[in-house]
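Novice: First the structure, which I've put down as structure tokens, then a few questions once you've had a look.
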Protein chains: 2
Amino acid sequence: MTEKPVKSGSTGVREGEIRSQRDPAHENGDAHVVFIGRIRSPWQERSECPKNMRQAREKITGACHLEIDEAWRPGLTGLAAGDYLHILYWMHQARRDIVLQKPRHRETLAGVFSLRSPVRPNPVAMALVRITSIDPATGIIGIDATDALDQTPLVDLKPYLPSIDHPSGG
Amino acid sequence: MTEKPVKSGSTGVREGEIRSQRDPAHENGDAHVVFIGRIRSPWQERSECPKNMRQAREKITGACHLEIDEAWRPGLTGLAAGDYLHILYWMHQARRDIVLQKPRHRETLAGVFSLRSPVRPNPVAMALVRITSIDPATGIIGIDATDALDQTPLVDLKPYLPSIDHPSGG
């Protein structure tokens with residue numbers, strides 16, 4: 001293998017982190033995603049963002065919602081306030097080539113697939129949220145919290161199904 | 001809105017299903033994904049695939065595993081047999097334009113975002129699996145079951161974290 005150790009002074013990475021031999025940001029890709037809407041949140045800068053959904057629920061200071069583009073609004077049929085929803089979103093500011101990472105709270109390097117870091121080969125983040133309101137006509141879905149930057153693009157919404165989404169199957 | 005009702009005889013859709021005014025399969029896309037590996041399963045045809053992970057666990061007749069490409073294998077550091085893992089994969093055979101769908105077991109049309117159907121604007125599927133074995137050197141990860149076709153491309157692996165992945169936060 002030929003991973004490249006990151007040099008001190010590289011932007012957006014921490015000393016000792018390891019780059020992959022590939023950087024998807026500079027490849028053509030194998031398939032394409034379309035953005036179906038946006039997350040609206042109080043967080044305008046990455047430094048303001050909660051580190052995860054747990055912290056987001058503690059820190060929440062303003063309304064969060066999703067805005068779904070018109071072409072996809074009929075797809076909201078069947079969702080209701082109170083439902084839990086997985087949201088998939090595109091971390092458009094994250095680099096994609098760091099395969100071994102050093103989270104701030106850890107001493108040792110951890111593989112990207114053992115972390116929920118936004119930095120990953122495909123920067124798709126996933127969060128479980130609760131719907132607080134929904135209006136299919138305008139495409140506005142109120143949610144209880146988010147750790148995402150304002151205007152983060154949405155890739156998918158999926159219902160939470162305990163039979164397949166929980167280790168015990170229920 | 002200008003959704004188009006599906007005509008009888010269209011391929012891959014059921015009578016009464018509604019197409020979006022957009023078809024992402026024929027758009028350039030807003031971002032690109034790279035495939036990080038493949039799912040290996042006993043299912044060679046879509047007709048053989050279990051309908052969901054619950055049925056997959058009942059039906060399983062052969063070994064399932066993931067094959068991770070060499071460039072991404074260092075990213076497996078920190079994962080171990082017994083861990084639960086979300087896998088994100090690309091349903092490369094699914095169409096992307098059906099916004100109101102009629103699942104076989106339902107009487108009425110349901111919005112794509114209230115379903116886990118492979119047919120969606122971005123055909124990213126998500127399943128929670130248990131790691132049965134892992135060898136970072138070869139990139140082979142044994143998993144307990146899958147409902148995916150053999151050779152389905154992988155997009156991401158994420159650790160299951162009860163504090164953010166379960167409605168009760170634990």
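We name chains A, B, ... following the order of the structure tokens; residues begin at 1 in each chain, and ligands are numbered from 1 as shown.
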Show me, as a VMD selection string, every residue of chain A with an atom at most 8 Å from chain B, counting only C-alpha atoms.
Specialist: chain A and resid 1 3 20 to 22 24 28 to 36 52 to 54 70 to 72 74 to 79 84 99 to 100 110 to 116 121 to 122 124 127 to 128 155 to 159 163 to 167 169
Novice: Can you list, as a VMD selection string, all residues belonging to chain B that DSSP tags as strand (DSSP E or B)?
Specialist: chain B and resid 4 to 5 18 to 19 31 to 33 37 to 40 64 to 68 84 to 90 98 to 101 110 to 111 124 to 135 140 to 143 152 to 159
Novice: Using DSSP assignments from the backbone, pull out every residue in range 60-166 of chain A that falls under helix (DSSP H, G or I) and give it to me as JSON, numbers by chain.
Specialist: {"A": [70, 71, 72, 73, 74, 75, 76, 112, 113, 114, 162, 163, 164, 165]}
Novice: With a distance cut-off of 6 Å and only C-alpha atoms, select the neighbouring residues of Ile131 in chain B, excluding the residue or stretch itself and same-chain residues fewer than 5 positions from it, and output the selection as a list in words.
Specialist: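 Result of the neighbour search: Ala81, Gly82, Asp83, Gly142 and Ile143 of chain B.
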Novice: Could you check how far CA of Glu45 in chain B sits from CA of Val119 in chain B, in Å to one decimal?
Specialist: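 CA of Val119 in chain B lies 16.4 Å from CA of Glu45 in chain B.
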Novice: Within 8 Å of His65 in chain A, counting only C-alpha atoms, which residues show up once you throw out same-chain ones fewer than 4 positions away? Write them as a VMD selection string, please.
Specialist: chain A and resid 39 to 41 140 to 143
Novice: Considering only C-alpha atoms, state which residue in the set A:Pro103, A:Arg95, A:Asp150, A:Arg57 is at the smallest distance from His26 in chain A.
Specialist: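 Comparing A:Pro103, A:Arg95, A:Asp150, A:Arg57 against His26 in chain A, the winner is A:Arg95.
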Novice: Kindly indicate which residue among A:Leu154, A:Ala94, A:Val13, A:Ile134 lies nearest to Gly37 in chain A, using only C-alpha atoms for the distances.
Specialist: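 Closest residue, counting only C-alpha atoms: A:Leu154.
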